[in-house]
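Contents: one structure, followed by commentary.
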Amino acid sequence: MEDTIKVNKLPETNNPEVKNIIFYYTGTGNSLWIARTLAEKIGNTELKSIMEWDNKTTIYPPVVGIIFPVHIWGIPHRVLKFINELGIKSPEYIFAVANNAGQVSNTLVQMKKVMRGKDIKLSGGWSVVMPSNYIPWGGPGTADQQNSRFQQAEKTLSNIAEKVTNRVIMPVEKGPIWQRLLFTGLYKLAFPYVAKMDNRFWVTEDCNHCNICIKICPSKNIKLEDNQLLWSNNCEQCLSCIQWCPKEAIQYGKRTIAYHRYHHPQIKLSDLIK
Ligand SMILES: Cc1cc2nc3c(=O)[nH]c(=O)nc-3n(C[C@H](O)[C@H](O)[C@H](O)COP(=O)(O)O)c2cc1C
């Protein structure tokens, strides 16, 4: 049984002059694929990268979506900063999609509270399960396992698009209580240290100095000095550097050498590096 509260019938927004906006933040393309798929299903929607948004203007789109990955059982730093700075007047409908590898935990409740602090009521918040890009704990699964997640995600996204189109106000999704109790504490403990977690990156001799890691890093955290790659303690832990390295030369700790790299099969490097 779906936990629907009420349906707001709001003015038609198919006026091409007034576009909906979906903001996305991504390390390995899962969130961008979700954003694209939703934009296509909802229609009349522009995609904006959170990494490129300058937050200088106040926006008035009828529908706003925020799509991002769950990091350490909560909202990533960069997304939190973006929401706090976002100049926005209460849209007709504002929703979030926290995509994750199976443990959404308290992330969307956290999002609801952050929005409330801005006097905005989140209209809906959904979890979408995608292959894991947290390579220090393992790979994304076999091709079959990944395909099964993509297919399930496609169905979930059709459902979300229908809710958004009909402006259905819903409670946000959340993980089981044990997850929220245990992992919300870990998120809070880890949060101040994320920027410095880059001290476990290292590079094998396969590195050919293509500089893709430097270009793709959303925090401009990677430098080449004396022919050596250096991480500068301003890391978002998005893991795009390690996952997009064409030589698989970047490693994190001891275990990543054993795993193949992952990015969403329909997202290209050129989608992320302009
Ligand atoms: C630093 C980091 C922490 C993560 N923490 C979680 C988590 O707490 N729960 C979860 O289910 N997935 C977690 N993941 C997996 C991602 O949320 C998931 O693979 C997501 O689809 C990646 O999206 P992206 O390609 O748009 O970056 C984590 C990934 C990273 C890089």
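By order in the structure tokens, chains are A, B, ...; within a chain, residues start at 1; ligands start at 1, following the order shown.
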Per-residue nearest contacts of stretch 41-129 of chain A to stretch 171-175 of chain A (7 Å; only C-alpha atoms) as a Markdown table:
```
| residue | atom | partner | partner_atom | distance |
| --- | --- | --- | --- | --- |
| A:Gln103 | CA | A:Gly175 | CA | 6.6 |
| A:Val104 | CA | A:Gly175 | CA | 5.6 |
| A:Ser105 | CA | A:Gly175 | CA | 4.2 |
| A:Asn106 | CA | A:Lys174 | CA | 5.7 |
| A:Leu108 | CA | A:Val172 | CA | 6.0 |
| A:Val109 | CA | A:Val172 | CA | 6.6 |
| A:Gly124 | CA | A:Val172 | CA | 5.5 |
| A:Gly125 | CA | A:Val172 | CA | 4.3 |
| A:Trp126 | CA | A:Glu173 | CA | 5.5 |
| A:Ser127 | CA | A:Glu173 | CA | 6.4 |
```
Extract, using only C-alpha atoms, all DNA, RNA and protein residues at most 8 Å from A:Gly65, discarding same-chain residues fewer than 3 positions from it, and format them as an mmCIF file with C-alpha atoms, in the first residue's frame.
```
data_model
loop_
_atom_site.group_PDB
_atom_site.id
_atom_site.type_symbol
_atom_site.label_atom_id
_atom_site.label_comp_id
_atom_site.auth_asym_id
_atom_site.auth_seq_id
_atom_site.Cartn_x
_atom_site.Cartn_y
_atom_site.Cartn_z
ATOM 1 C CA ILE A 21 15.040 21.948 -13.328
ATOM 2 C CA ILE A 22 16.724 18.764 -12.211
ATOM 3 C CA PHE A 23 20.025 19.301 -10.414
ATOM 4 C CA ILE A 94 10.434 19.872 -5.064
ATOM 5 C CA PHE A 95 11.730 16.326 -4.836
ATOM 6 C CA ALA A 96 14.940 14.455 -4.144
ATOM 7 C CA VAL A 97 16.306 11.132 -5.354
#
```
May I have a table of the residues of chain A lying at most 9 Å from ligand 1, giving each one's closest pair of atoms and their distance in Å to one decimal, counting only C-alpha atoms and all ligand atoms, ordered by chain and ascending residue number, as a Markdown table?
```
| residue | atom | partner | partner_atom_place_in_ligand_line | distance |
| --- | --- | --- | --- | --- |
| A:Tyr24 | CA | ligand 1 | 26 (O) | 8.1 |
| A:Tyr25 | CA | ligand 1 | 26 (O) | 6.3 |
| A:Thr26 | CA | ligand 1 | 26 (O) | 3.5 |
| A:Gly27 | CA | ligand 1 | 27 (O) | 3.5 |
| A:Thr28 | CA | ligand 1 | 25 (O) | 3.4 |
| A:Gly29 | CA | ligand 1 | 25 (O) | 4.1 |
| A:Asn30 | CA | ligand 1 | 25 (O) | 3.7 |
| A:Ser31 | CA | ligand 1 | 26 (O) | 3.6 |
| A:Leu32 | CA | ligand 1 | 26 (O) | 6.2 |
| A:Trp33 | CA | ligand 1 | 26 (O) | 8.0 |
| A:Ile34 | CA | ligand 1 | 26 (O) | 8.4 |
| A:Ile67 | CA | ligand 1 | 26 (O) | 8.2 |
| A:Phe68 | CA | ligand 1 | 26 (O) | 6.0 |
| A:Pro69 | CA | ligand 1 | 17 (O) | 4.2 |
| A:Val70 | CA | ligand 1 | 17 (O) | 4.0 |
| A:His71 | CA | ligand 1 | 3 (C) | 3.5 |
| A:Ile72 | CA | ligand 1 | 8 (O) | 3.7 |
| A:Trp73 | CA | ligand 1 | 8 (O) | 3.3 |
| A:Gly74 | CA | ligand 1 | 8 (O) | 6.4 |
| A:Pro76 | CA | ligand 1 | 1 (C) | 8.2 |
| A:Ala98 | CA | ligand 1 | 17 (O) | 7.8 |
| A:Asn99 | CA | ligand 1 | 21 (O) | 5.0 |
| A:Asn100 | CA | ligand 1 | 17 (O) | 3.6 |
| A:Ala101 | CA | ligand 1 | 11 (O) | 3.5 |
| A:Gly102 | CA | ligand 1 | 11 (O) | 4.1 |
| A:Gln103 | CA | ligand 1 | 11 (O) | 3.5 |
| A:Val104 | CA | ligand 1 | 11 (O) | 5.3 |
| A:Ser105 | CA | ligand 1 | 9 (N) | 7.2 |
| A:Thr107 | CA | ligand 1 | 8 (O) | 8.7 |
| A:Val128 | CA | ligand 1 | 21 (O) | 8.0 |
| A:Val129 | CA | ligand 1 | 21 (O) | 6.8 |
| A:Met130 | CA | ligand 1 | 21 (O) | 4.8 |
| A:Pro131 | CA | ligand 1 | 19 (O) | 5.2 |
| A:Ser132 | CA | ligand 1 | 19 (O) | 3.4 |
| A:Asn133 | CA | ligand 1 | 19 (O) | 4.0 |
| A:Tyr134 | CA | ligand 1 | 29 (C) | 4.3 |
| A:Ile135 | CA | ligand 1 | 31 (C) | 7.5 |
| A:Pro136 | CA | ligand 1 | 31 (C) | 8.8 |
| A:Pro140 | CA | ligand 1 | 19 (O) | 7.7 |
| A:Phe183 | CA | ligand 1 | 8 (O) | 7.9 |
| A:Tyr187 | CA | ligand 1 | 8 (O) | 8.2 |
| A:Val194 | CA | ligand 1 | 1 (C) | 8.4 |
| A:Glu236 | CA | ligand 1 | 1 (C) | 7.7 |
| A:Gln237 | CA | ligand 1 | 1 (C) | 4.7 |
| A:Cys238 | CA | ligand 1 | 31 (C) | 4.6 |
| A:Leu239 | CA | ligand 1 | 31 (C) | 5.2 |
| A:Ser240 | CA | ligand 1 | 27 (O) | 7.6 |
| A:Tyr262 | CA | ligand 1 | 25 (O) | 8.6 |
| A:His263 | CA | ligand 1 | 25 (O) | 6.6 |
| A:His264 | CA | ligand 1 | 25 (O) | 6.8 |
```
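The space between atom CA of A:Asp206 and atom CA of A:Lys247 spans 6.2 Å.
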So which residues touch A:Lys89 within 9 Å, counting only C-alpha atoms, skipping near sequence neighbours fewer than 2 positions away, as an mmCIF file with C-alpha atoms, in the first residue's frame?
```
data_model
loop_
_atom_site.group_PDB
_atom_site.id
_atom_site.type_symbol
_atom_site.label_atom_id
_atom_site.label_comp_id
_atom_site.auth_asym_id
_atom_site.auth_seq_id
_atom_site.Cartn_x
_atom_site.Cartn_y
_atom_site.Cartn_z
ATOM 1 C CA THR A 58 17.224 33.072 -7.373
ATOM 2 C CA ILE A 59 15.309 30.622 -9.513
ATOM 3 C CA TYR A 60 11.575 30.063 -9.892
ATOM 4 C CA PRO A 61 11.075 26.772 -11.753
ATOM 5 C CA GLY A 87 18.491 30.693 -4.041
ATOM 6 C CA PRO A 91 8.515 25.795 -6.131
ATOM 7 C CA ILE A 120 10.807 24.654 1.887
#
```
